[in-house]
$ cat model_36.txt   # compact mmCIF, C-alpha atoms
# COMPACT_ATOMS: atom_id res chain seq x y z
CA MET A 1047 -12.57 20.84 20.67
CA LYS A 1048 -13.57 23.24 17.86
CA ASN A 1049 -13.89 21.07 14.77
CA VAL A 1050 -12.41 23.26 12.06
CA ILE A 1051 -13.16 21.04 9.07
CA VAL A 1052 -16.79 20.44 9.98
CA LYS A 1053 -17.40 24.13 10.80
CA PHE A 1054 -16.12 25.33 7.44
CA ARG A 1055 -17.78 22.52 5.52
CA GLU A 1056 -21.13 23.35 7.10
CA TYR A 1057 -20.69 27.06 6.38
CA TYR A 1058 -19.66 26.47 2.75
CA PRO A 1059 -23.17 26.63 1.17
CA GLU A 1060 -23.71 30.09 2.68
CA ALA A 1061 -20.24 31.40 1.85
CA SER A 1062 -19.55 34.03 -0.81
CA SER A 1063 -17.65 33.02 -3.93
CA THR A 1064 -14.46 34.50 -2.45
CA GLU A 1065 -14.92 32.66 0.83
CA LYS A 1066 -15.62 29.40 -0.99
CA GLY A 1067 -12.20 29.57 -2.59
CA VAL A 1068 -10.57 29.82 0.83
CA ILE A 1069 -12.68 26.99 2.26
CA GLU A 1070 -11.95 24.71 -0.69
CA TYR A 1071 -8.23 25.34 -0.23
CA LEU A 1072 -8.51 24.57 3.48
CA LEU A 1073 -10.49 21.36 2.99
CA GLY A 1074 -8.02 20.15 0.38
CA ASN A 1075 -4.88 21.09 2.33
CA PRO A 1076 -5.60 21.05 6.10
CA GLU A 1077 -2.04 20.18 7.16
CA LYS A 1078 -0.49 22.77 4.85
CA VAL A 1079 -2.88 25.49 6.01
CA ALA A 1080 -2.10 24.73 9.66
CA GLU A 1081 1.50 25.80 9.01
CA MET A 1082 0.64 28.99 7.10
CA GLY A 1083 0.44 32.47 8.55
CA LEU A 1084 -2.49 34.77 7.82
CA ARG A 1085 -0.77 36.68 5.01
CA GLU A 1086 0.62 33.48 3.51
CA LEU A 1087 -2.83 31.91 3.33
CA ALA A 1088 -4.27 35.12 1.88
CA LYS A 1089 -1.63 35.09 -0.85
CA ALA A 1090 -2.21 31.39 -1.63
CA THR A 1091 -5.98 31.88 -1.97
CA PHE A 1092 -5.81 35.27 -3.73
CA VAL A 1093 -7.87 37.11 -1.12
CA SER A 1094 -7.19 39.83 1.43
CA SER A 1095 -6.12 39.10 5.00
CA SER A 1096 -9.29 40.80 6.24
CA THR A 1097 -11.43 38.36 4.23
CA ILE A 1098 -9.84 35.40 5.99
CA THR A 1099 -10.14 37.09 9.39
CA ARG A 1100 -13.87 37.72 8.83
CA LEU A 1101 -14.30 34.13 7.65
CA CYS A 1102 -12.67 32.86 10.84
CA HIS A 1103 -15.06 35.00 12.90
CA LYS A 1104 -18.07 33.60 11.01
CA ALA A 1105 -16.88 30.06 11.76
CA GLY A 1106 -16.67 30.83 15.48
CA PHE A 1107 -12.98 31.65 15.94
CA SER A 1108 -12.05 34.85 17.76
CA GLN A 1109 -8.95 35.38 15.63
CA TYR A 1110 -6.74 33.65 13.07
CA LYS A 1111 -4.42 32.25 15.74
CA ASP A 1112 -7.40 30.57 17.44
CA PHE A 1113 -8.39 29.01 14.11
CA GLN A 1114 -4.83 27.87 13.43
CA LYS A 1115 -4.37 26.38 16.89
CA SER A 1116 -7.61 24.38 16.54
CA LEU A 1117 -6.59 23.13 13.09
CA ILE A 1118 -3.17 22.03 14.34
CA TYR A 1119 -4.82 20.12 17.19
CA GLU A 1120 -7.36 18.53 14.86
CA ASN A 1121 -4.67 17.39 12.41
CA ALA A 1122 -2.60 15.96 15.28
CA LEU A 1123 -5.59 14.10 16.71
CA ARG A 1124 -6.37 12.69 13.32
CA LYS A 1125 -2.83 11.37 12.93
CA GLU A 1126 -2.90 9.82 16.40
CA THR A 1127 -6.21 8.18 15.65
CA ILE A 1128 -4.83 6.59 12.51
CA THR A 1129 -1.39 5.48 13.61
CA GLY A 1130 -0.72 6.11 17.28
CA LYS A 1131 -1.13 3.72 20.18
CA ASN A 1132 -2.94 6.49 22.06
CA CYS A 1133 -5.80 6.22 19.57
CA GLU A 1134 -6.91 2.92 21.06
CA ILE A 1135 -9.87 2.95 23.42
CA ALA A 1136 -8.57 2.98 26.97
CA LYS A 1137 -10.32 2.06 30.19
CA ASP A 1138 -9.96 5.55 31.62
CA ASP A 1139 -10.99 7.48 28.47
CA LYS A 1140 -13.43 10.29 29.04
CA LEU A 1141 -16.58 10.32 26.91
CA GLU A 1142 -15.21 13.21 24.82
CA GLN A 1143 -12.07 11.19 24.06
CA LEU A 1144 -14.16 8.14 23.20
CA ILE A 1145 -16.29 10.16 20.81
CA ASP A 1146 -13.23 11.70 19.13
CA LYS A 1147 -11.58 8.33 18.62
CA ILE A 1148 -14.62 6.57 17.20
CA ILE A 1149 -15.64 9.40 14.88
CA TYR A 1150 -12.14 9.95 13.50
CA LYS A 1151 -11.57 6.23 12.96
CA SER A 1152 -14.85 6.12 11.03
CA ILE A 1153 -13.97 9.18 8.94
CA VAL A 1154 -10.56 7.81 8.02
CA SER A 1155 -12.04 4.44 7.02
CA LEU A 1156 -14.61 6.12 4.77
CA GLU A 1157 -12.04 8.41 3.17
CA ASP A 1158 -9.69 5.48 2.56
CA THR A 1159 -12.56 3.47 1.08
CA LYS A 1160 -13.29 6.33 -1.31
CA ALA A 1161 -9.65 6.20 -2.45
CA LEU A 1162 -9.91 2.46 -3.06
CA ILE A 1163 -13.08 2.55 -5.15
CA ASP A 1164 -12.42 2.03 -8.84
CA ILE A 1165 -15.07 3.88 -10.85
CA ASP A 1166 -15.03 1.43 -13.76
CA THR A 1167 -15.46 -1.53 -11.41
CA LEU A 1168 -18.32 0.22 -9.61
CA ASP A 1169 -19.96 1.05 -12.93
CA ARG A 1170 -19.67 -2.55 -14.10
CA SER A 1171 -21.11 -3.79 -10.80
CA VAL A 1172 -24.11 -1.49 -11.17
CA SER A 1173 -24.68 -2.74 -14.74
CA LEU A 1174 -24.60 -6.35 -13.56
CA MET A 1175 -27.10 -5.63 -10.79
CA MET A 1176 -29.46 -3.69 -13.06
CA ALA A 1177 -29.44 -6.47 -15.67
CA ALA A 1178 -29.80 -9.32 -13.17
CA GLN A 1179 -33.06 -11.19 -12.84
CA LYS A 1180 -32.15 -11.94 -9.24
CA ILE A 1181 -29.66 -10.45 -6.76
CA ALA A 1182 -28.40 -12.89 -4.12
CA ILE A 1183 -26.66 -11.34 -1.12
CA PHE A 1184 -24.27 -13.33 1.07
CA GLY A 1185 -22.50 -12.60 4.35
CA MET A 1186 -21.93 -13.70 7.93
CA GLY A 1187 -21.85 -11.84 11.24
CA ALA A 1188 -21.52 -8.07 10.88
CA SER A 1189 -21.29 -8.46 7.10
CA LEU A 1190 -24.71 -10.13 7.11
CA LEU A 1191 -26.15 -7.02 8.80
CA VAL A 1192 -24.81 -5.01 5.87
CA GLY A 1193 -26.35 -7.57 3.52
CA LYS A 1194 -29.74 -7.19 5.17
CA ASP A 1195 -29.51 -3.44 4.68
CA ALA A 1196 -28.77 -4.00 0.99
CA TYR A 1197 -31.67 -6.45 0.75
CA LEU A 1198 -34.15 -3.90 2.10
CA LYS A 1199 -32.86 -1.14 -0.16
CA PHE A 1200 -33.12 -3.15 -3.38
CA LEU A 1201 -36.43 -4.67 -2.33
CA ARG A 1202 -37.92 -1.18 -2.17
CA ILE A 1203 -37.07 -0.53 -5.83
CA ASN A 1204 -38.62 -3.87 -6.79
CA LYS A 1205 -35.41 -5.76 -7.53
CA ASN A 1206 -35.83 -9.49 -7.00
CA CYS A 1207 -33.29 -10.16 -4.24
CA MET A 1208 -32.59 -12.53 -1.38
CA ALA A 1209 -30.53 -12.50 1.82
CA SER A 1210 -30.84 -15.36 4.27
CA GLU A 1211 -29.51 -15.58 7.82
CA ASP A 1212 -29.20 -19.36 7.54
CA LEU A 1213 -25.88 -20.52 6.12
CA HIS A 1214 -27.25 -23.68 4.54
CA MET A 1215 -29.99 -21.66 2.87
CA GLN A 1216 -27.36 -19.28 1.51
CA MET A 1217 -25.57 -22.24 -0.03
CA VAL A 1218 -28.79 -23.53 -1.61
CA GLN A 1219 -29.47 -20.07 -3.00
CA ALA A 1220 -25.95 -19.93 -4.44
CA LYS A 1221 -26.44 -23.30 -6.16
CA ASN A 1222 -29.74 -22.15 -7.67
CA LEU A 1223 -28.28 -19.07 -9.36
CA SER A 1224 -27.73 -18.79 -13.10
CA ASN A 1225 -25.80 -16.59 -15.51
CA LYS A 1226 -28.80 -14.26 -15.54
CA ASP A 1227 -28.39 -13.52 -11.83
CA VAL A 1228 -25.69 -11.85 -9.73
CA ALA A 1229 -24.15 -12.68 -6.34
CA VAL A 1230 -23.14 -9.87 -3.99
CA ILE A 1231 -20.79 -11.30 -1.38
CA ILE A 1232 -19.80 -9.21 1.63
CA SER A 1233 -16.76 -10.24 3.64
CA TYR A 1234 -14.10 -7.87 4.95
CA SER A 1235 -11.44 -10.56 5.32
CA GLY A 1236 -12.42 -12.41 2.15
CA MET A 1237 -11.32 -15.59 3.88
CA THR A 1238 -14.41 -16.80 5.74
CA LYS A 1239 -14.62 -20.43 4.67
CA GLU A 1240 -18.40 -20.65 4.37
CA ILE A 1241 -18.69 -17.41 2.40
CA VAL A 1242 -15.92 -18.46 0.02
CA GLN A 1243 -17.87 -21.70 -0.55
CA CYS A 1244 -20.95 -19.65 -1.46
CA ALA A 1245 -18.83 -17.69 -3.93
CA GLU A 1246 -17.53 -20.91 -5.48
CA MET A 1247 -21.08 -22.29 -5.79
CA ALA A 1248 -22.32 -19.07 -7.40
CA LYS A 1249 -19.44 -19.15 -9.90
CA ASP A 1250 -20.08 -22.81 -10.69
CA ALA A 1251 -23.72 -21.89 -11.37
CA GLY A 1252 -22.58 -19.27 -13.87
CA ALA A 1253 -23.46 -16.16 -11.85
CA PRO A 1254 -21.05 -13.20 -11.80
CA VAL A 1255 -19.76 -12.36 -8.32
CA ILE A 1256 -19.44 -8.87 -6.86
CA ALA A 1257 -17.28 -8.85 -3.71
CA VAL A 1258 -17.33 -6.12 -1.07
CA THR A 1259 -14.06 -6.89 0.66
CA SER A 1260 -10.74 -5.54 1.92
CA PHE A 1261 -7.93 -4.46 -0.38
CA ARG A 1262 -5.84 -7.59 -0.32
CA GLU A 1263 -5.55 -10.83 -2.24
CA SER A 1264 -7.88 -13.40 -0.71
CA PRO A 1265 -9.81 -16.49 -1.79
CA LEU A 1266 -12.88 -14.28 -2.32
CA SER A 1267 -11.12 -11.54 -4.29
CA LYS A 1268 -9.64 -14.19 -6.61
CA LEU A 1269 -13.11 -15.58 -7.33
CA ALA A 1270 -14.89 -12.27 -7.80
CA ASP A 1271 -15.61 -10.71 -11.17
CA CYS A 1272 -15.81 -7.28 -9.52
CA ASN A 1273 -13.96 -6.33 -6.34
CA LEU A 1274 -15.25 -3.28 -4.49
CA TYR A 1275 -12.60 -2.67 -1.88
CA VAL A 1276 -13.25 -1.19 1.55
CA SER A 1277 -10.84 0.07 4.18
CA ALA A 1278 -11.11 -0.10 7.97
CA THR A 1279 -8.96 1.27 10.76
CA GLU A 1280 -10.30 -0.92 13.55
CA PHE A 1281 -9.60 -0.61 17.27
CA GLU A 1282 -7.73 -3.32 19.14
CA PHE A 1283 -10.61 -2.96 21.61
CA GLN A 1284 -13.42 -5.11 20.23
CA THR A 1285 -16.09 -2.73 18.89
CA GLY A 1286 -17.84 -5.22 16.64
CA LYS A 1287 -15.97 -4.25 13.46
CA LEU A 1288 -17.42 -0.76 13.56
CA ALA A 1289 -15.21 0.84 10.89
CA SER A 1290 -15.38 -2.00 8.37
CA ARG A 1291 -19.15 -2.17 8.76
CA LEU A 1292 -19.48 1.56 8.03
CA SER A 1293 -17.25 1.21 4.96
CA GLN A 1294 -19.28 -1.73 3.68
CA LEU A 1295 -22.54 0.18 4.23
CA ALA A 1296 -21.09 3.11 2.27
CA VAL A 1297 -20.29 0.84 -0.70
CA ILE A 1298 -23.82 -0.61 -0.59
CA ASP A 1299 -25.18 2.94 -0.64
CA MET A 1300 -23.02 3.66 -3.70
CA LEU A 1301 -24.40 0.62 -5.53
CA TYR A 1302 -27.99 1.36 -4.54
CA SER A 1303 -27.87 5.07 -5.37
CA ALA A 1304 -26.23 4.40 -8.74
CA CYS A 1305 -28.89 1.81 -9.56
CA VAL A 1306 -31.64 4.28 -8.70
CA GLN A 1307 -30.01 6.86 -10.98
CA ARG A 1308 -29.91 4.38 -13.87
CA ASN A 1309 -33.70 3.98 -13.74
CA TYR A 1310 -34.65 7.10 -11.83
CA GLU A 1311 -38.31 7.66 -12.73
CA GLU A 1312 -39.36 4.05 -12.23
CA CYS A 1313 -37.35 3.66 -9.02
CA MET A 1314 -38.84 6.81 -7.53
CA GLN A 1315 -42.30 5.45 -8.23
CA TYR A 1316 -41.41 2.20 -6.45
CA LEU A 1317 -39.98 4.13 -3.48
CA LYS A 1318 -43.20 6.10 -3.13
CA HIS A 1319 -45.29 2.95 -3.54
CA THR A 1320 -43.35 0.96 -0.92
CA TYR A 1321 -43.14 3.71 1.68
CA ILE A 1322 -44.81 2.68 4.93
CA PRO A 1323 -46.47 5.59 6.83
CA LYS A 1324 -45.07 6.14 10.32
CA ASP A 1325 -48.38 7.19 11.85
CA ALA A 1326 -52.08 7.04 11.10
CA ASN A 1327 -52.27 10.67 9.98
CA GLU A 1328 -49.48 10.41 7.44
CA LYS A 1329 -50.46 9.72 3.87
CA GLU A 1330 -48.95 6.78 2.07
CA GLY A 1331 -46.07 7.79 -0.19
CA GLU A 1332 -45.23 10.95 1.74
CA ASP A 1333 -41.79 10.27 3.19
CA ASP A 1334 -40.71 12.80 5.80
CA GLY A 1335 -37.11 11.55 5.68

$ encode --input "model_36.txt" --output "structure tokens"
Amino acid sequence: MKNVIVKFREYYPEASSTEKGVIEYLLGNPEKVAEMGLRELAKATFVSSSTITRLCHKAGFSQYKDFQKSLIYENALRKETITGKNCEIAKDDKLEQLIDKIIYKSIVSLEDTKALIDIDTLDRSVSLMMAAQKIAIFGMGASLLVGKDAYLKFLRINKNCMASEDLHMQMVQAKNLSNKDVAVIISYSGMTKEIVQCAEMAKDAGAPVIAVTSFRESPLSKLADCNLYVSATEFEFQTGKLASRLSQLAVIDMLYSACVQRNYEECMQYLKHTYIPKDANEKEGEDDG
């Protein structure tokens, strides 16, 4: 399958100003463009038909009809992945089908999460984390893996944080918080009994609670001072909560990146200082990405 969206998105930085207008229109209206003829698209984007034809060639399509056919297929696959029964992982799926289903499920979950993020709530969450003397991170199962990722990120910029794998230790940590600290609680369902108890203990201790959870009313969302909602289009086939985990990781990256921006110079110094060389010949502080 020729991935239209990815091809044009990757080409965008190299595109001319005229071509960028066409690509932006396509990325913002993929279903509408799939139904438009060459001249209709040219008129909508204020360019010549030859410009669009050349752009299609640059993206690897022999002609406009080839581009349009691929876009129609891609849009249809995307819809099936979101809502259709055929999007579920089947025993006889080929590897290409498996890849398509997993990638599109992940993309949809991330896009839906973006739509759910409230900028003011995210901004307030970042302020709470920057001002906190201590960041306590809570989670179980796959959510704990996300919590460990957050722990490592904030540790590298010298934020005093904690994330324990032991449930009883998490509860002790929650009890020991104060109004000068902050609790980051990760739970997609928002109903895990033990995690809700940690949230209650943190609130009783006076600490504000930031919840990374699904967009629904739950015991956790009711307790939280800031709810950062995530979306997930999971498979019926048990994939270990792949989509929700990716969405949670994306929200953690938002929090971390925004915190780094708030104190950029100092954080960059900490990142250089805490970088561990990957081999003996590499100098400390020189991250190769």

$ residues_around --input "model_36.txt" --residues "A:Ile1165" --least-positions-apart "4" --cutoff "12 Å" --atoms "only C-alpha atoms" --output "count of residues only"
14

$ closest_residue --input "model_36.txt" --among "A:Met1247, A:Ile1051, A:Val1306, A:Leu1317" --to "A:Val1079" --atoms "only C-alpha atoms"
A:Ile1051

$ closest_residue --input "model_36.txt" --among "A:Phe1113, A:His1319, A:Ser1108, A:Lys1066" --to "A:Ala1080" --atoms "all atoms listed in the file"
A:Phe1113

$ closest_residue --input "model_36.txt" --among "A:Asp1271, A:Glu1142, A:Glu1240, A:Glu1056" --to "A:Val1255" --atoms "all atoms listed in the file"
A:Asp1271

$ closest_residue --input "model_36.txt" --among "A:Asn1121, A:Asn1206, A:Tyr1058, A:Gln1294" --to "A:Val1192" --atoms "all atoms listed in the file"
A:Gln1294

$ residues_around --input "model_36.txt" --residues "stretch 1256-1263 of chain A" --least-positions-apart "6" --cutoff "9 Å" --atoms "all atoms listed in the file" --output "VMD selection string"
chain A and resid 1162 1171 1174 1228 to 1236 1245 1269 to 1278 1290 1294 1297 to 1298

$ atom_distance --input "model_36.txt" --atom1 "atom CA of A:Met1314" --atom2 "atom CA of A:Leu1168"
21.7 Å

$ atom_distance --input "model_36.txt" --atom1 "atom CA of A:Pro1254" --atom2 "atom CA of A:Met1176"
12.8 Å

$ atom_distance --input "model_36.txt" --atom1 "atom CA of A:Glu1081" --atom2 "atom CA of A:Asp1158"
24.1 Å

$ residues_around --input "model_36.txt" --residues "A:Asn1222" --least-positions-apart "4" --cutoff "9 Å" --atoms "all atoms listed in the file" --output "number ranges by chain"
A: 1217-1218, 1247-1248, 1251

$ closest_residue --input "model_36.txt" --among "A:Gln1179, A:Thr1238, A:Ser1264, A:Ser1293" --to "A:Thr1159" --atoms "all atoms listed in the file"
A:Ser1293

$ closest_residue --input "model_36.txt" --among "A:Lys1140, A:Lys1078, A:Glu1065, A:Glu1120" --to "A:Thr1099" --atoms "all atoms listed in the file"
A:Glu1065

$ residues_around --input "model_36.txt" --residues "A:Gln1216" --least-positions-apart "4" --cutoff "12 Å" --atoms "only C-alpha atoms" --output "PyMOL selection string"
chain A and resi 1182-1186+1190+1193+1208-1212+1220-1223+1229-1231+1240-1245+1247-1248

$ build_atoms --input "model_36.txt" --residues "stretch 1095-1110 of chain A" --atoms "N, CA and C atoms" --output "JSON list (two decimals), in the frame of the given file"
[["chain", "number", "residue", "atom", "x", "y", "z"],
["A", 1095, "SER", "N", -6.24, 39.63, 3.64],
["A", 1095, "SER", "CA", -6.12, 39.10, 5.00],
["A", 1095, "SER", "C", -7.42, 39.34, 5.78],
["A", 1096, "SER", "N", -8.05, 40.49, 5.53],
["A", 1096, "SER", "CA", -9.29, 40.80, 6.24],
["A", 1096, "SER", "C", -10.42, 39.83, 5.88],
["A", 1097, "THR", "N", -10.41, 39.34, 4.64],
["A", 1097, "THR", "CA", -11.43, 38.36, 4.23],
["A", 1097, "THR", "C", -11.30, 37.08, 5.04],
["A", 1098, "ILE", "N", -10.07, 36.63, 5.22],
["A", 1098, "ILE", "CA", -9.84, 35.40, 5.99],
["A", 1098, "ILE", "C", -10.18, 35.62, 7.46],
["A", 1099, "THR", "N", -9.83, 36.78, 7.99],
["A", 1099, "THR", "CA", -10.14, 37.09, 9.39],
["A", 1099, "THR", "C", -11.65, 37.08, 9.62],
["A", 1100, "ARG", "N", -12.40, 37.71, 8.71],
["A", 1100, "ARG", "CA", -13.87, 37.72, 8.83],
["A", 1100, "ARG", "C", -14.43, 36.30, 8.71],
["A", 1101, "LEU", "N", -13.84, 35.51, 7.83],
["A", 1101, "LEU", "CA", -14.30, 34.13, 7.65],
["A", 1101, "LEU", "C", -14.08, 33.33, 8.93],
["A", 1102, "CYS", "N", -12.95, 33.54, 9.58],
["A", 1102, "CYS", "CA", -12.67, 32.86, 10.84],
["A", 1102, "CYS", "C", -13.71, 33.24, 11.90],
["A", 1103, "HIS", "N", -14.06, 34.53, 11.94],
["A", 1103, "HIS", "CA", -15.06, 35.00, 12.90],
["A", 1103, "HIS", "C", -16.41, 34.32, 12.64],
["A", 1104, "LYS", "N", -16.79, 34.21, 11.37],
["A", 1104, "LYS", "CA", -18.07, 33.60, 11.01],
["A", 1104, "LYS", "C", -18.11, 32.12, 11.41],
["A", 1105, "ALA", "N", -16.95, 31.49, 11.41],
["A", 1105, "ALA", "CA", -16.88, 30.06, 11.76],
["A", 1105, "ALA", "C", -16.73, 29.85, 13.27],
["A", 1106, "GLY", "N", -16.70, 30.95, 14.03],
["A", 1106, "GLY", "CA", -16.67, 30.83, 15.48],
["A", 1106, "GLY", "C", -15.32, 30.96, 16.13],
["A", 1107, "PHE", "N", -14.32, 31.47, 15.38],
["A", 1107, "PHE", "CA", -12.98, 31.65, 15.94],
["A", 1107, "PHE", "C", -12.73, 33.14, 16.20],
["A", 1108, "SER", "N", -12.23, 33.46, 17.38],
["A", 1108, "SER", "CA", -12.05, 34.85, 17.76],
["A", 1108, "SER", "C", -11.01, 35.55, 16.91],
["A", 1109, "GLN", "N", -9.99, 34.82, 16.49],
["A", 1109, "GLN", "CA", -8.95, 35.38, 15.63],
["A", 1109, "GLN", "C", -8.27, 34.26, 14.85],
["A", 1110, "TYR", "N", -7.40, 34.64, 13.93],
["A", 1110, "TYR", "CA", -6.74, 33.65, 13.07],
["A", 1110, "TYR", "C", -5.92, 32.66, 13.88]]
